[in-house]
Structure formats: structure tokens, C-alpha cells
$ cat query.cif   # mmCIF, C-alpha atoms
data_work
#
loop_
_atom_site.label_atom_id
_atom_site.label_comp_id
_atom_site.auth_asym_id
_atom_site.auth_seq_id
_atom_site.Cartn_x
_atom_site.Cartn_y
_atom_site.Cartn_z
CA MET A 6 -84.28 139.90 89.68
CA ILE A 7 -83.22 136.80 91.65
CA ASN A 8 -79.47 136.41 92.11
CA GLU A 9 -78.27 133.38 90.07
CA LYS A 10 -75.73 132.53 92.78
CA ILE A 11 -78.52 132.23 95.36
CA ILE A 12 -80.49 129.95 93.00
CA THR A 13 -77.44 127.70 92.71
CA LEU A 14 -77.00 127.57 96.49
CA TYR A 15 -80.55 126.29 97.00
CA ASP A 16 -80.61 124.01 93.93
CA TYR A 17 -79.89 120.85 95.93
CA VAL A 18 -82.43 121.26 98.69
CA LEU A 19 -85.50 122.44 96.77
CA PRO A 20 -86.24 119.08 95.04
CA LEU A 21 -85.90 117.30 98.40
CA ILE A 22 -88.31 119.72 100.02
CA ALA A 23 -90.79 119.18 97.20
CA ILE A 24 -90.63 115.41 97.80
CA GLU A 25 -90.91 115.67 101.58
CA ASN A 26 -93.81 118.12 101.33
CA LYS A 27 -95.83 115.28 99.79
CA PHE A 28 -95.50 113.38 103.06
CA LEU A 29 -96.80 116.20 105.23
CA ILE A 30 -100.26 115.45 106.58
CA SER A 31 -103.00 117.69 105.20
CA LYS A 32 -105.46 119.60 107.36
CA GLU A 33 -108.26 117.30 106.24
CA GLN A 34 -106.28 114.20 107.16
CA LEU A 35 -105.24 115.71 110.47
CA LEU A 36 -108.85 116.45 111.31
CA GLU A 37 -109.77 112.86 110.45
CA LEU A 38 -107.07 111.60 112.82
CA THR A 39 -108.81 113.36 115.72
CA ASN A 40 -111.70 110.91 115.22
CA SER A 41 -109.51 107.90 116.01
CA ARG A 42 -111.13 105.75 118.69
CA ASN A 43 -107.87 104.31 120.02
CA LEU A 44 -104.13 104.12 119.33
CA ILE A 45 -104.51 101.02 117.16
CA GLU A 46 -106.82 102.88 114.79
CA LEU A 47 -104.56 105.94 114.89
CA ARG A 48 -101.53 103.84 114.05
CA LYS A 49 -103.36 102.29 111.09
CA ASN A 50 -104.08 105.75 109.69
CA LEU A 51 -100.51 106.95 110.21
CA VAL A 52 -98.42 103.96 109.15
CA SER A 53 -98.09 105.19 105.55
CA TYR A 54 -96.43 108.35 106.91
CA TYR A 55 -94.50 106.62 109.69
CA PRO A 56 -93.67 103.04 108.54
CA LYS A 57 -91.88 102.22 111.81
CA LEU A 58 -95.25 102.33 113.56
CA SER A 59 -95.98 98.94 112.00
CA LYS A 60 -93.28 97.46 114.24
CA ILE A 61 -95.21 98.37 117.40
CA ALA A 62 -97.37 95.31 117.74
CA PRO A 63 -99.55 93.83 118.99
CA SER A 64 -99.94 96.43 121.75
CA ILE A 65 -99.13 100.11 121.28
CA ASP A 66 -97.21 102.19 123.77
CA LEU A 67 -97.87 105.93 123.62
CA GLU A 68 -94.32 106.82 124.62
CA ARG A 69 -92.90 104.58 121.90
CA MET A 70 -95.24 106.13 119.33
CA HIS A 71 -93.99 109.60 120.28
CA PHE A 72 -90.40 108.36 120.05
CA ILE A 73 -91.01 107.26 116.45
CA PHE A 74 -92.53 110.65 115.61
CA HIS A 75 -89.39 112.32 117.00
CA GLU A 76 -87.03 109.98 115.15
CA ASP A 77 -88.80 110.69 111.86
CA PHE A 78 -88.52 114.45 112.45
CA ILE A 79 -84.81 114.20 113.21
CA ALA A 80 -84.02 112.10 110.12
CA LYS A 81 -86.12 114.14 107.67
CA VAL A 82 -84.99 117.53 108.97
CA ASN A 83 -81.32 116.49 109.02
CA LYS A 84 -81.58 115.49 105.35
CA ILE A 85 -82.95 118.94 104.49
CA ILE A 86 -80.27 120.69 106.55
CA GLN A 87 -77.38 118.73 105.03
CA ASN A 88 -78.57 119.65 101.54
CA SER A 89 -79.09 123.33 102.37
CA PRO A 90 -76.38 125.91 101.68
CA TYR A 91 -73.46 125.59 104.10
CA SER A 92 -74.08 129.12 105.38
CA ALA A 93 -77.61 128.16 106.50
CA ARG A 94 -76.76 124.89 108.26
CA SER A 95 -75.55 126.35 111.56
CA PHE A 96 -78.83 128.21 112.07
CA LEU A 97 -81.08 125.37 110.89
CA MET A 98 -79.20 122.74 112.92
CA ASN A 99 -80.61 124.29 116.09
CA PHE A 100 -83.96 122.68 115.29
CA LEU A 101 -82.19 119.35 115.90
CA ILE A 102 -80.03 120.58 118.79
CA GLU A 103 -83.30 120.76 120.72
CA PHE A 104 -83.35 116.94 120.71
CA GLU A 105 -79.76 116.67 121.89
CA ILE A 106 -80.62 118.98 124.77
CA GLU A 107 -83.56 116.71 125.57
CA ASN A 108 -81.12 113.80 125.52
CA LEU A 109 -78.97 115.60 128.08
CA LYS A 110 -81.96 116.33 130.29
CA THR A 111 -83.09 112.70 130.04
CA VAL A 112 -79.67 111.40 131.10
CA LEU A 113 -79.32 113.78 134.04
CA ARG A 114 -82.88 113.24 135.25
CA SER A 115 -82.47 109.47 134.95
CA LYS A 116 -79.23 109.55 136.93
CA LEU A 117 -80.97 111.29 139.81
CA ILE A 118 -83.56 108.51 140.07
CA ASN A 119 -81.02 105.70 139.52
CA LYS A 120 -82.26 104.42 136.16
CA SER A 121 -80.21 101.61 134.63
CA ILE A 122 -77.93 102.13 131.62
CA SER A 123 -80.28 100.19 129.34
CA GLU A 124 -83.32 102.17 130.56
CA ILE A 125 -81.52 105.44 129.81
CA SER A 126 -80.16 104.26 126.47
CA ASP A 127 -83.66 103.27 125.28
CA LYS A 128 -84.87 106.84 125.72
CA ILE A 129 -81.98 108.50 123.90
CA HIS A 130 -82.29 109.72 120.32
CA TRP A 131 -78.97 108.27 119.22
CA GLN A 132 -79.20 109.42 115.63
CA ILE A 133 -78.85 113.06 116.67
CA GLU A 134 -75.62 112.12 118.46
CA ASP A 135 -74.36 110.66 115.19
CA TYR A 136 -75.13 113.96 113.47
CA THR A 137 -73.46 116.14 116.14
CA GLY A 138 -70.51 113.84 116.78
CA ASN A 139 -71.27 113.51 120.50
CA LYS A 140 -72.16 109.80 120.55
CA GLU A 141 -68.95 108.73 122.30
CA ILE A 142 -69.41 111.30 125.06
CA PHE A 143 -73.04 110.27 125.58
CA ASN A 144 -72.00 106.62 125.79
CA ARG A 145 -69.58 107.57 128.57
CA ILE A 146 -72.08 109.80 130.37
CA ILE A 147 -74.81 107.18 130.66
CA LYS A 148 -72.31 104.81 132.29
CA GLU A 149 -71.19 107.37 134.90
CA ASN A 150 -72.84 107.93 138.27
CA ASP A 151 -70.55 110.69 139.51
CA PHE A 152 -72.04 114.03 138.51
CA LYS A 153 -68.64 115.71 138.74
CA ILE A 154 -67.31 113.41 136.02
CA ILE A 155 -70.50 113.90 133.98
CA PHE A 156 -70.12 117.68 134.16
CA ASN A 157 -66.46 117.46 133.15
CA LEU A 158 -67.42 115.37 130.12
CA LEU A 159 -70.15 117.80 129.13
CA LYS A 160 -67.73 120.71 129.41
CA LYS A 161 -65.91 119.22 126.41
CA THR A 162 -68.99 119.68 124.25
CA GLU A 163 -70.41 122.83 122.68
CA TYR A 164 -72.57 123.16 125.80
CA GLY A 165 -69.52 123.58 128.01
CA GLU A 166 -69.94 127.30 128.64
CA PHE A 167 -73.54 126.76 129.80
CA ILE A 168 -72.73 123.68 131.88
CA LYS A 169 -70.02 125.62 133.73
CA LYS A 170 -72.56 128.25 134.75
CA ALA A 171 -75.12 125.64 135.81
CA GLU A 172 -72.75 123.36 137.75
CA LYS A 173 -72.29 125.73 140.68
CA LYS A 174 -76.06 126.17 141.06
CA TYR A 175 -76.58 122.42 140.92
CA ARG A 176 -74.07 121.85 143.72
CA GLU A 177 -75.86 124.47 145.85
CA THR A 178 -79.40 123.19 145.26
CA ASN A 179 -79.06 119.58 144.00
CA SER A 180 -81.75 120.54 141.49
CA LEU A 181 -81.74 120.23 137.71
CA LEU A 182 -83.75 123.44 137.34
CA TYR A 183 -80.72 125.60 136.62
CA ILE A 184 -79.10 123.03 134.33
CA ASN A 185 -82.28 122.63 132.27
CA THR A 186 -82.73 126.38 132.05
CA PHE A 187 -79.11 127.05 131.07
CA LEU A 188 -79.39 124.39 128.35
CA ASP A 189 -82.59 125.97 127.01
CA TYR A 190 -80.85 129.36 127.14
CA GLY A 191 -77.84 127.90 125.33
CA GLN A 192 -79.96 126.60 122.46
CA ILE A 193 -81.25 130.09 121.67
CA VAL A 194 -77.80 131.65 122.06
CA LYS A 195 -76.48 129.09 119.55
CA MET A 196 -79.31 129.95 117.16
CA GLU A 197 -78.44 133.65 117.47
CA ARG A 198 -74.83 132.85 116.62
CA GLY A 199 -76.04 130.90 113.59
CA LEU A 200 -77.51 134.12 112.21
CA GLY A 201 -73.99 135.46 111.79
CA GLN A 202 -73.22 132.94 109.04
CA LEU A 203 -76.29 133.80 106.95
CA SER A 204 -76.42 136.13 103.98
CA ARG A 205 -78.01 139.50 104.63
CA SER A 206 -81.31 138.51 103.01
CA ASP A 207 -81.44 135.12 104.78
CA LYS A 208 -80.65 136.80 108.09
CA LEU A 209 -83.66 139.09 107.73
CA ILE A 210 -85.90 136.07 107.16
CA ALA A 211 -84.46 133.86 109.93
CA SER A 212 -84.43 136.66 112.50
CA GLN A 213 -88.24 136.89 112.22
CA TYR A 214 -88.56 133.41 113.68
CA LEU A 215 -85.80 133.99 116.21
CA ASN A 216 -87.56 137.11 117.52
CA ILE A 217 -90.75 135.09 118.09
CA LEU A 218 -88.73 132.43 119.91
CA ILE A 219 -86.92 134.99 122.09
CA GLU A 220 -90.20 136.58 123.11
CA TYR A 221 -91.59 133.19 124.12
CA PHE A 222 -88.43 132.18 125.97
CA ASN A 223 -88.07 135.42 127.95
CA TYR A 224 -91.66 135.38 129.20
CA MET A 225 -91.46 131.67 129.93
CA ILE A 226 -88.30 132.26 131.97
CA LEU A 227 -89.97 135.10 133.86
CA PHE A 228 -92.92 132.96 134.93
CA ARG A 229 -90.76 129.91 135.59
CA GLY A 230 -88.45 131.99 137.76
CA LYS A 231 -91.28 133.50 139.77
CA SER A 232 -92.87 130.08 140.20
CA PHE A 233 -89.63 128.63 141.61
CA ASN A 234 -88.86 131.70 143.77
CA LEU A 235 -85.73 132.73 141.91
CA THR A 236 -84.37 136.20 142.62
CA ASN A 237 -84.79 138.95 140.04
CA ASP A 238 -81.06 138.83 139.34
CA GLU A 239 -81.23 135.07 138.73
CA ILE A 240 -84.18 135.48 136.36
CA SER A 241 -82.55 138.38 134.50
CA GLU A 242 -79.44 136.26 133.94
CA PHE A 243 -81.46 134.03 131.63
CA PHE A 244 -83.11 136.77 129.59
CA ILE A 245 -82.05 136.79 125.96
CA PRO A 246 -81.19 140.37 124.88
CA THR A 247 -83.82 141.86 122.61
CA THR A 248 -84.09 144.97 120.47
CA SER A 249 -87.80 145.24 121.31
CA SER A 250 -88.17 148.21 123.67
CA LYS A 251 -91.80 147.23 124.34
CA MET A 252 -90.78 143.73 125.46
CA LEU A 253 -88.01 145.11 127.68
CA LYS A 254 -90.43 147.51 129.33
CA ILE A 255 -92.98 144.76 130.02
CA LEU A 256 -90.35 142.33 131.30
CA ASN A 257 -88.85 144.92 133.66
CA THR A 258 -92.29 145.82 134.99
CA LEU A 259 -93.35 142.22 135.53
CA LEU A 260 -90.00 141.43 137.12
CA THR A 261 -90.85 143.66 140.08
CA VAL A 262 -93.88 141.52 140.99
CA ASP A 263 -93.21 138.83 143.60
CA THR A 264 -95.59 135.96 142.85
CA VAL A 265 -97.26 134.28 139.89
CA SER A 266 -100.73 135.16 141.19
CA SER A 267 -99.71 138.82 141.47
CA LEU A 268 -98.37 138.67 137.92
CA LEU A 269 -101.72 137.37 136.71
CA ASP A 270 -103.57 140.15 138.54
CA LEU A 271 -101.27 142.78 137.03
CA ILE A 272 -101.75 141.45 133.50
CA ARG A 273 -105.54 141.35 133.88
CA THR A 274 -105.90 144.83 135.35
CA SER A 275 -103.36 146.80 133.33
CA ASN A 276 -102.80 147.86 129.76
CA PHE A 277 -100.73 144.71 129.22
CA ARG A 278 -103.95 143.22 127.87
CA GLU A 279 -103.58 145.65 124.97
CA THR A 280 -100.16 144.34 123.95
CA ASN A 281 -99.68 141.81 121.19
CA LEU A 282 -98.66 139.03 123.59
CA PHE A 283 -101.44 139.36 126.15
CA LEU A 284 -104.20 140.50 123.81
CA SER A 285 -106.09 137.21 124.10
CA PHE A 286 -104.97 136.37 127.64
CA PRO A 287 -107.92 134.42 129.11
CA ASP A 288 -109.42 135.27 132.49
CA SER A 289 -109.49 131.55 133.24
CA THR A 290 -105.68 131.46 133.43
CA ASN A 291 -105.05 130.79 137.11
CA SER A 292 -101.90 128.73 137.46
CA TYR A 293 -98.29 128.51 136.35
CA PHE A 294 -99.12 125.64 134.00
CA ASP A 295 -102.02 127.60 132.48
CA ILE A 296 -99.57 130.41 131.74
CA LEU A 297 -97.04 128.07 130.13
CA ASN A 298 -99.79 126.59 127.94
CA TYR A 299 -100.92 130.07 126.94
CA LEU A 300 -97.37 131.21 126.10
CA GLU A 301 -96.72 128.04 124.11
CA ARG A 302 -99.94 128.43 122.09
CA ASN A 303 -99.08 132.06 121.42
CA PHE A 304 -95.60 131.07 120.24
CA TYR A 305 -96.91 128.41 117.86
CA GLN A 306 -99.65 130.67 116.51
CA LYS A 307 -97.15 133.41 115.70
CA SER A 308 -94.77 130.87 114.16
CA PHE A 309 -97.62 129.50 112.03
CA GLN A 310 -98.48 133.01 110.85
CA LEU A 311 -94.83 133.50 109.89
CA VAL A 312 -94.88 130.28 107.85
CA GLU A 313 -97.96 131.46 105.95
CA LYS A 314 -96.08 134.68 105.18
CA LEU A 315 -92.87 132.93 104.13
CA LYS A 316 -94.74 130.64 101.73
CA ILE A 317 -95.28 133.58 99.37
CA GLU A 318 -91.74 134.94 99.62
CA SER A 319 -88.73 133.95 97.50
CA THR A 320 -88.26 130.19 97.19
CA PHE A 321 -84.52 130.67 96.65
CA SER A 322 -83.77 131.62 100.24
CA ILE A 323 -83.67 130.14 103.71
CA SER A 324 -87.46 130.53 103.75
CA ALA A 325 -87.73 127.23 101.81
CA PRO A 326 -85.99 124.92 104.34
CA LEU A 327 -87.19 127.01 107.29
CA THR A 328 -90.83 126.76 106.21
CA PHE A 329 -90.58 122.99 105.74
CA ILE A 330 -88.88 122.48 109.12
CA LEU A 331 -91.47 124.58 110.93
CA LEU A 332 -94.36 122.75 109.24
CA LYS A 333 -92.73 119.47 110.22
CA LYS A 334 -92.34 120.79 113.77
CA PHE A 335 -96.02 121.77 113.90
CA GLN A 336 -97.02 118.34 112.60
CA LEU A 337 -94.88 116.65 115.25
CA ARG A 338 -96.48 118.66 118.02
CA ASP A 339 -99.99 118.13 116.67
CA LEU A 340 -99.55 114.37 116.37
CA ILE A 341 -98.33 114.20 119.96
CA GLN A 342 -101.40 116.19 121.02
CA ILE A 343 -103.73 113.94 119.02
CA SER A 344 -102.21 110.63 120.14
CA THR A 345 -102.20 111.74 123.76
CA ALA A 346 -105.82 112.85 123.55
CA VAL A 347 -106.83 109.56 121.92
CA ASP A 348 -105.00 107.48 124.50
CA TYR A 349 -106.45 109.41 127.44
CA ASN A 350 -109.89 109.82 125.84
CA LEU A 351 -109.78 113.61 126.09
CA SER A 352 -112.53 115.83 124.73
CA LYS A 353 -112.31 116.45 120.97
CA GLU A 354 -113.35 120.05 121.55
CA ILE A 355 -110.34 120.63 123.80
CA LEU A 356 -108.07 118.77 121.39
CA LEU A 357 -109.06 120.88 118.39
CA GLU A 358 -108.12 124.03 120.28
CA ARG A 359 -104.59 122.69 120.72
CA ILE A 360 -103.85 121.71 117.12
CA ILE A 361 -101.68 124.33 115.40
CA LEU A 362 -102.16 123.20 111.80
CA LEU A 363 -105.95 123.53 112.14
CA SER A 364 -105.65 127.15 113.22
CA GLU A 365 -107.50 129.67 111.10
#

$ encode --input "query.cif" --output "C-alpha cells"
Amino acid sequence: MINEKIITLYDYVLPLIAIENKFLISKEQLLELTNSRNLIELRKNLVSYYPKLSKIAPSIDLERMHFIFHEDFIAKVNKIIQNSPYSARSFLMNFLIEFEIENLKTVLRSKLINKSISEISDKIHWQIEDYTGNKEIFNRIIKENDFKIIFNLLKKTEYGEFIKKAEKKYRETNSLLYINTFLDYGQIVKMERGLGQLSRSDKLIASQYLNILIEYFNYMILFRGKSFNLTNDEISEFFIPTTSSKMLKILNTLLTVDTVSSLLDLIRTSNFRETNLFLSFPDSTNSYFDILNYLERNFYQKSFQLVEKLKIESTFSISAPLTFILLKKFQLRDLIQISTAVDYNLSKEILLERIILLSE
């Protein structure tokens, strides 16, 4: 029997999800979009889903198109989060925090190459700063050129603990690598903390996605660290603790290998190929970027499988908003893949392999 209290908690968000689900692009429509001959044709087919695309005229800029896709995701997902039970909001909000972290990375990267205030401001997703309450701080940051002042401002935000750790490394290397990695690490830590506010049943559901994300992040950090010649201690500092003994064993074994090429050789010649993560690891994977693409595809495929599973579970749980947000996230990624392929005239065969929502 479904708890009546739980039904009441999710009463407000379920009608909104039902409405927004009607604006998700179907598999058939998504497949049709891959036939677009250029961005003008693609825009024409998408304008009913993304009305702001009609304002990009007469020429179409790919970056601006992607910006509109992101803005739509932020607005729609925030509406779902704000109408979800209060206990679920902290966990779900992390799907938007990702965009604030990208805002931070954009500002810091732009400062290093001396971009103007207007150039930086145009690339910021300001609506997420309205939602998080950090708009004033971001307005101050983009006007500052002194990184010490920027770091001090950021320490006043919820990212302060991660910025403090990254600041020392930045001063030693003058590289954003550590800052970007600490921010990525911080996002997952914040999502873990969000679990603590969930009911027991919601926590069991949400932790399934978090475990997939942690697996992806830890392996991504391992390969990123080896690629940039970080020490084993530096790489380990970024690992998110996991209860998976199998993952810990694999990570510790791979950590002892010195180079990316040696890591690839070890994966190909050992029983790692028999594990869930590396089961379909292609022999054609030869570079750091090939590995990142493989890990990302694996992450999205597992997330998609989770969504298919959650669709048949209780509607009156976090599975309802979580499923919608993940489907919206997949659609966002797929549209970026499609629009990029159309603009650069990439092979349709290659494109179809990259689209998550067309996965079998």
C-alpha cells in the first residue's frame, strides 16, 4: 500500500511533470532531426520545443543555439525541483549546480585570457545565479582581475571549502586544472550530502544514480590524473569514497600504472575486460580523449538503463522528478551532439552511435 503522506508530498510536482513530458522529443522525432541538412533546417524543426530559437536570425550561431538549450533545461528543471517535496530539493538541485560550476569555470578561464566583462557576462547562465542567490557575487567576480580577490569572494559561497583546497595548487602551477577538478569533486560531494535529507525509500532510489555517477567520476579522475602527470596521492585525493569493493580494487590496481598508454595495455590484457565497466572497451581506444568518450558513453548508457527501470517503479517517489530530469539531461546532450554534427557535417553513422535516447 502506498503511504498517503508520500502521495501528498508529490501531489504538486506530478501534474507539472505530466505537462513537461509532452514537450520531450520522441525517438522518432530525434531520429528525424539527424537528417537536418543545416542549422537553419534544424532550428525550424526545433522551434516549437525551443521558442527562443526563433530569435536567432537571420544567421544561426551554434554556440548560441547550445546556450538556448541549456537555458531551457535550467528553467524547466528548476520548476520541477521547486515543486518537488522540500526533502528532495537539495539532492535534485545538484543537476542545476552543474551549470553554476560551469559558470565559475567560464569566468576563471576567461580571466586568464583577458576577456572583457561583456564577453564573460554573455556566456554566463544568469538564471541559475538567481536560483542559487549568488548573482551579486558573480557580478563582482567578473569585474575583478585579481585572482586573490576572486578566490576570497568564492570562499563566501558554498564552494568555499573546495576553493580553499584548490587555491594553493593554483598558486603553485598557475593552472585551472586543480580548480576545475575540485569543483567537479565538490558537485558530487554536495549531491552525496543531499541524500541525507531524503526519506529512506527516496534515498535508495537516488543512490542508484549517485553510484553510477561516482563510478564515472572516479575513473575519469584516474585517467585525467595520469594524463596530466599527477602523483598517486594527488589523484587519490579526488576519489569519491565508494562502498563497491570491486571498484576500489580496480582503482587501486590501475593507480599503480604510470602512463595512460600503460593503463590501456593493462585493461586490454587483463581480466578488467570482464568487469561491468570495461566489458565493451574497444581495442580502437588509443588516447586520453578516446577514454573520456568511452567513460562518458558508459555513464549515459547506465543512467539510461536506470531511467527505464525507474519508469515502472512507484510514481509517488523521487523517481518521478529524477526520471524527468535525467530524460531532459539526455535530450540536452543529444541535441548538442546533433546540432554539432549538422554544423560540422559529421557522418550520420558516427552521430547515431552518440545519441543516448536512441540506444536500444

$ closest_residue --input "query.cif" --among "A:Arg114, A:Ser324, A:Arg359, A:Leu29" --to "Ser53 of chain A" --atoms "all atoms listed in the file"
A:Leu29

$ closest_atom_pairs --input "query.cif" --of "segment 103-139 of chain A" --to "segment 68-85 of chain A" --cutoff "8 Å" --atoms "only C-alpha atoms" --output "Markdown table"
| residue | atom | partner | partner_atom | distance |
| --- | --- | --- | --- | --- |
| A:His130 | CA | A:Glu76 | CA | 7.0 |
| A:Gln132 | CA | A:Ile79 | CA | 7.8 |
| A:Ile133 | CA | A:Ile79 | CA | 7.0 |

$ closest_residue --input "query.cif" --among "A:Tyr136, A:Phe286, A:Phe294, A:Phe152" --to "Ser232 of chain A" --atoms "all atoms listed in the file"
A:Phe294

$ residues_around --input "query.cif" --residues "segment 199-211 of chain A" --least-positions-apart "6" --cutoff "6 Å" --atoms "all atoms listed in the file" --output "VMD selection string"
chain A and resid 92 to 93 95 to 96 323

$ resolve_selection --input "query.cif" --expression "the PyMOL selection byres ((chain A and resi 356) around 10)" --output "ChimeraX atom specification"
/A:39,339,342-343,345-347,351-355,357-360

$ axis_aligned_box --input "query.cif" --around "segment 55-72 of chain A" --padding-each-side "6 Å" --output "JSON"
{"center_x": -95.2, "center_y": 101.7, "center_z": 116.6, "size_x": 21.5, "size_y": 27.8, "size_z": 28.1}

$ residues_around --input "query.cif" --residues "Ser364 of chain A" --least-positions-apart "2" --cutoff "12 Å" --atoms "only C-alpha atoms" --output "PyMOL selection string"
chain A and resi 32+35-36+302-303+305-310+313+335+339+356-362

$ resolve_selection --input "query.cif" --expression "the PyMOL selection byres ((chain A and resi 150) around 12)" --output "count of residues only"
22

$ resolve_selection --input "query.cif" --expression "the PyMOL selection byres ((chain A and resi 236-249) around 9)" --output "PDB file with C-alpha atoms, in the coordinates of the input"
ATOM      1  CA  THR A 186     -82.730 126.380 132.050  1.00  0.00           C
ATOM      2  CA  PHE A 187     -79.110 127.050 131.070  1.00  0.00           C
ATOM      3  CA  TYR A 190     -80.850 129.360 127.140  1.00  0.00           C
ATOM      4  CA  ILE A 193     -81.250 130.090 121.670  1.00  0.00           C
ATOM      5  CA  VAL A 194     -77.800 131.650 122.060  1.00  0.00           C
ATOM      6  CA  ASN A 216     -87.560 137.110 117.520  1.00  0.00           C
ATOM      7  CA  ILE A 219     -86.920 134.990 122.090  1.00  0.00           C
ATOM      8  CA  GLU A 220     -90.200 136.580 123.110  1.00  0.00           C
ATOM      9  CA  PHE A 222     -88.430 132.180 125.970  1.00  0.00           C
ATOM     10  CA  ASN A 223     -88.070 135.420 127.950  1.00  0.00           C
ATOM     11  CA  TYR A 224     -91.660 135.380 129.200  1.00  0.00           C
ATOM     12  CA  ILE A 226     -88.300 132.260 131.970  1.00  0.00           C
ATOM     13  CA  LEU A 227     -89.970 135.100 133.860  1.00  0.00           C
ATOM     14  CA  ARG A 229     -90.760 129.910 135.590  1.00  0.00           C
ATOM     15  CA  GLY A 230     -88.450 131.990 137.760  1.00  0.00           C
ATOM     16  CA  LYS A 231     -91.280 133.500 139.770  1.00  0.00           C
ATOM     17  CA  ASN A 234     -88.860 131.700 143.770  1.00  0.00           C
ATOM     18  CA  LEU A 235     -85.730 132.730 141.910  1.00  0.00           C
ATOM     19  CA  SER A 250     -88.170 148.210 123.670  1.00  0.00           C
ATOM     20  CA  LYS A 251     -91.800 147.230 124.340  1.00  0.00           C
ATOM     21  CA  MET A 252     -90.780 143.730 125.460  1.00  0.00           C
ATOM     22  CA  LEU A 253     -88.010 145.110 127.680  1.00  0.00           C
ATOM     23  CA  LYS A 254     -90.430 147.510 129.330  1.00  0.00           C
ATOM     24  CA  LEU A 260     -90.000 141.430 137.120  1.00  0.00           C
ATOM     25  CA  THR A 261     -90.850 143.660 140.080  1.00  0.00           C
TER      26      THR A 261
END

$ closest_residue --input "query.cif" --among "A:Asp135, A:Leu311, A:Glu25, A:Ser126" --to "Leu218 of chain A" --atoms "only C-alpha atoms"
A:Leu311

$ closest_residue --input "query.cif" --among "A:Glu134, A:Asp288, A:Glu318, A:Asp16" --to "Leu271 of chain A" --atoms "all atoms listed in the file"
A:Asp288

$ closest_residue --input "query.cif" --among "A:Leu363, A:Leu47, A:Gln336, A:Lys110" --to "Ser180 of chain A" --atoms "only C-alpha atoms"
A:Lys110

$ residues_around --input "query.cif" --residues "Glu163 of chain A" --least-positions-apart "2" --cutoff "12 Å" --atoms "all atoms listed in the file" --output "VMD selection string"
chain A and resid 102 105 to 106 137 to 139 142 158 to 161 165 to 169 188 191 to 192 194 to 195

$ atom_distance --input "query.cif" --atom1 "atom CA of Pro287 of chain A" --atom2 "atom CA of Leu300 of chain A"
11.4 Å

$ closest_residue --input "query.cif" --among "A:Gln34, A:Ile65, A:Asn108, A:Tyr183" --to "Asn50 of chain A" --atoms "only C-alpha atoms"
A:Gln34

$ residues_near_point --input "query.cif" --point "(-75.3, 120.5, 136.6)" --cutoff "7 Å" --atoms "all atoms listed in the file" --output "CSV table (one decimal) with C-alpha atoms, keeping the file's coordinate frame"
chain,number,residue,atom,x,y,z
A,156,PHE,CA,-70.1,117.7,134.2
A,168,ILE,CA,-72.7,123.7,131.9
A,171,ALA,CA,-75.1,125.6,135.8
A,172,GLU,CA,-72.8,123.4,137.8
A,175,TYR,CA,-76.6,122.4,140.9
A,181,LEU,CA,-81.7,120.2,137.7
A,184,ILE,CA,-79.1,123.0,134.3

$ atom_distance --input "query.cif" --atom1 "atom CA of Ile129 of chain A" --atom2 "atom CA of Leu332 of chain A"
23.9 Å

$ atom_distance --input "query.cif" --atom1 "atom CA of Ile86 of chain A" --atom2 "atom CA of Ile330 of chain A"
9.2 Å

$ build_atoms --input "query.cif" --residues "segment 255-273 of chain A" --atoms "N, CA and C atoms" --output "short mmCIF file (atom, residue, chain, number, x, y, z; two decimals), in the coordinates of the input"
data_model
loop_
_atom_site.label_atom_id
_atom_site.label_comp_id
_atom_site.auth_asym_id
_atom_site.auth_seq_id
_atom_site.Cartn_x
_atom_site.Cartn_y
_atom_site.Cartn_z
N ILE A 255 -92.05 145.69 129.38
CA ILE A 255 -92.98 144.76 130.02
C ILE A 255 -92.24 143.81 130.95
N LEU A 256 -91.12 143.27 130.48
CA LEU A 256 -90.35 142.33 131.30
C LEU A 256 -89.87 143.00 132.59
N ASN A 257 -89.36 144.22 132.48
CA ASN A 257 -88.85 144.92 133.66
C ASN A 257 -89.97 145.25 134.65
N THR A 258 -91.16 145.54 134.12
CA THR A 258 -92.29 145.82 134.99
C THR A 258 -92.76 144.56 135.70
N LEU A 259 -92.90 143.48 134.95
CA LEU A 259 -93.35 142.22 135.53
C LEU A 259 -92.32 141.65 136.50
N LEU A 260 -91.07 141.95 136.27
CA LEU A 260 -90.00 141.43 137.12
C LEU A 260 -90.12 141.93 138.55
N THR A 261 -90.74 143.08 138.73
CA THR A 261 -90.85 143.66 140.08
C THR A 261 -91.94 143.00 140.92
N VAL A 262 -92.78 142.20 140.29
CA VAL A 262 -93.88 141.52 140.99
C VAL A 262 -93.36 140.23 141.62
N ASP A 263 -93.81 139.93 142.83
CA ASP A 263 -93.21 138.83 143.60
C ASP A 263 -93.72 137.44 143.27
N THR A 264 -95.02 137.30 143.00
CA THR A 264 -95.59 135.96 142.85
C THR A 264 -96.31 135.81 141.51
N VAL A 265 -96.54 134.56 141.14
CA VAL A 265 -97.26 134.28 139.89
C VAL A 265 -98.68 134.83 139.94
N SER A 266 -99.35 134.66 141.08
CA SER A 266 -100.73 135.16 141.19
C SER A 266 -100.78 136.68 141.05
N SER A 267 -99.78 137.35 141.60
CA SER A 267 -99.71 138.82 141.47
C SER A 267 -99.44 139.21 140.02
N LEU A 268 -98.63 138.42 139.34
CA LEU A 268 -98.37 138.67 137.92
C LEU A 268 -99.66 138.58 137.11
N LEU A 269 -100.46 137.55 137.42
CA LEU A 269 -101.72 137.37 136.71
C LEU A 269 -102.65 138.56 136.95
N ASP A 270 -102.71 139.00 138.20
CA ASP A 270 -103.57 140.15 138.54
C ASP A 270 -103.12 141.40 137.79
N LEU A 271 -101.80 141.60 137.72
CA LEU A 271 -101.27 142.78 137.03
C LEU A 271 -101.61 142.74 135.54
N ILE A 272 -101.46 141.58 134.93
CA ILE A 272 -101.75 141.45 133.50
C ILE A 272 -103.23 141.70 133.22
N ARG A 273 -104.09 141.21 134.11
CA ARG A 273 -105.54 141.35 133.88
C ARG A 273 -106.03 142.78 134.09
#
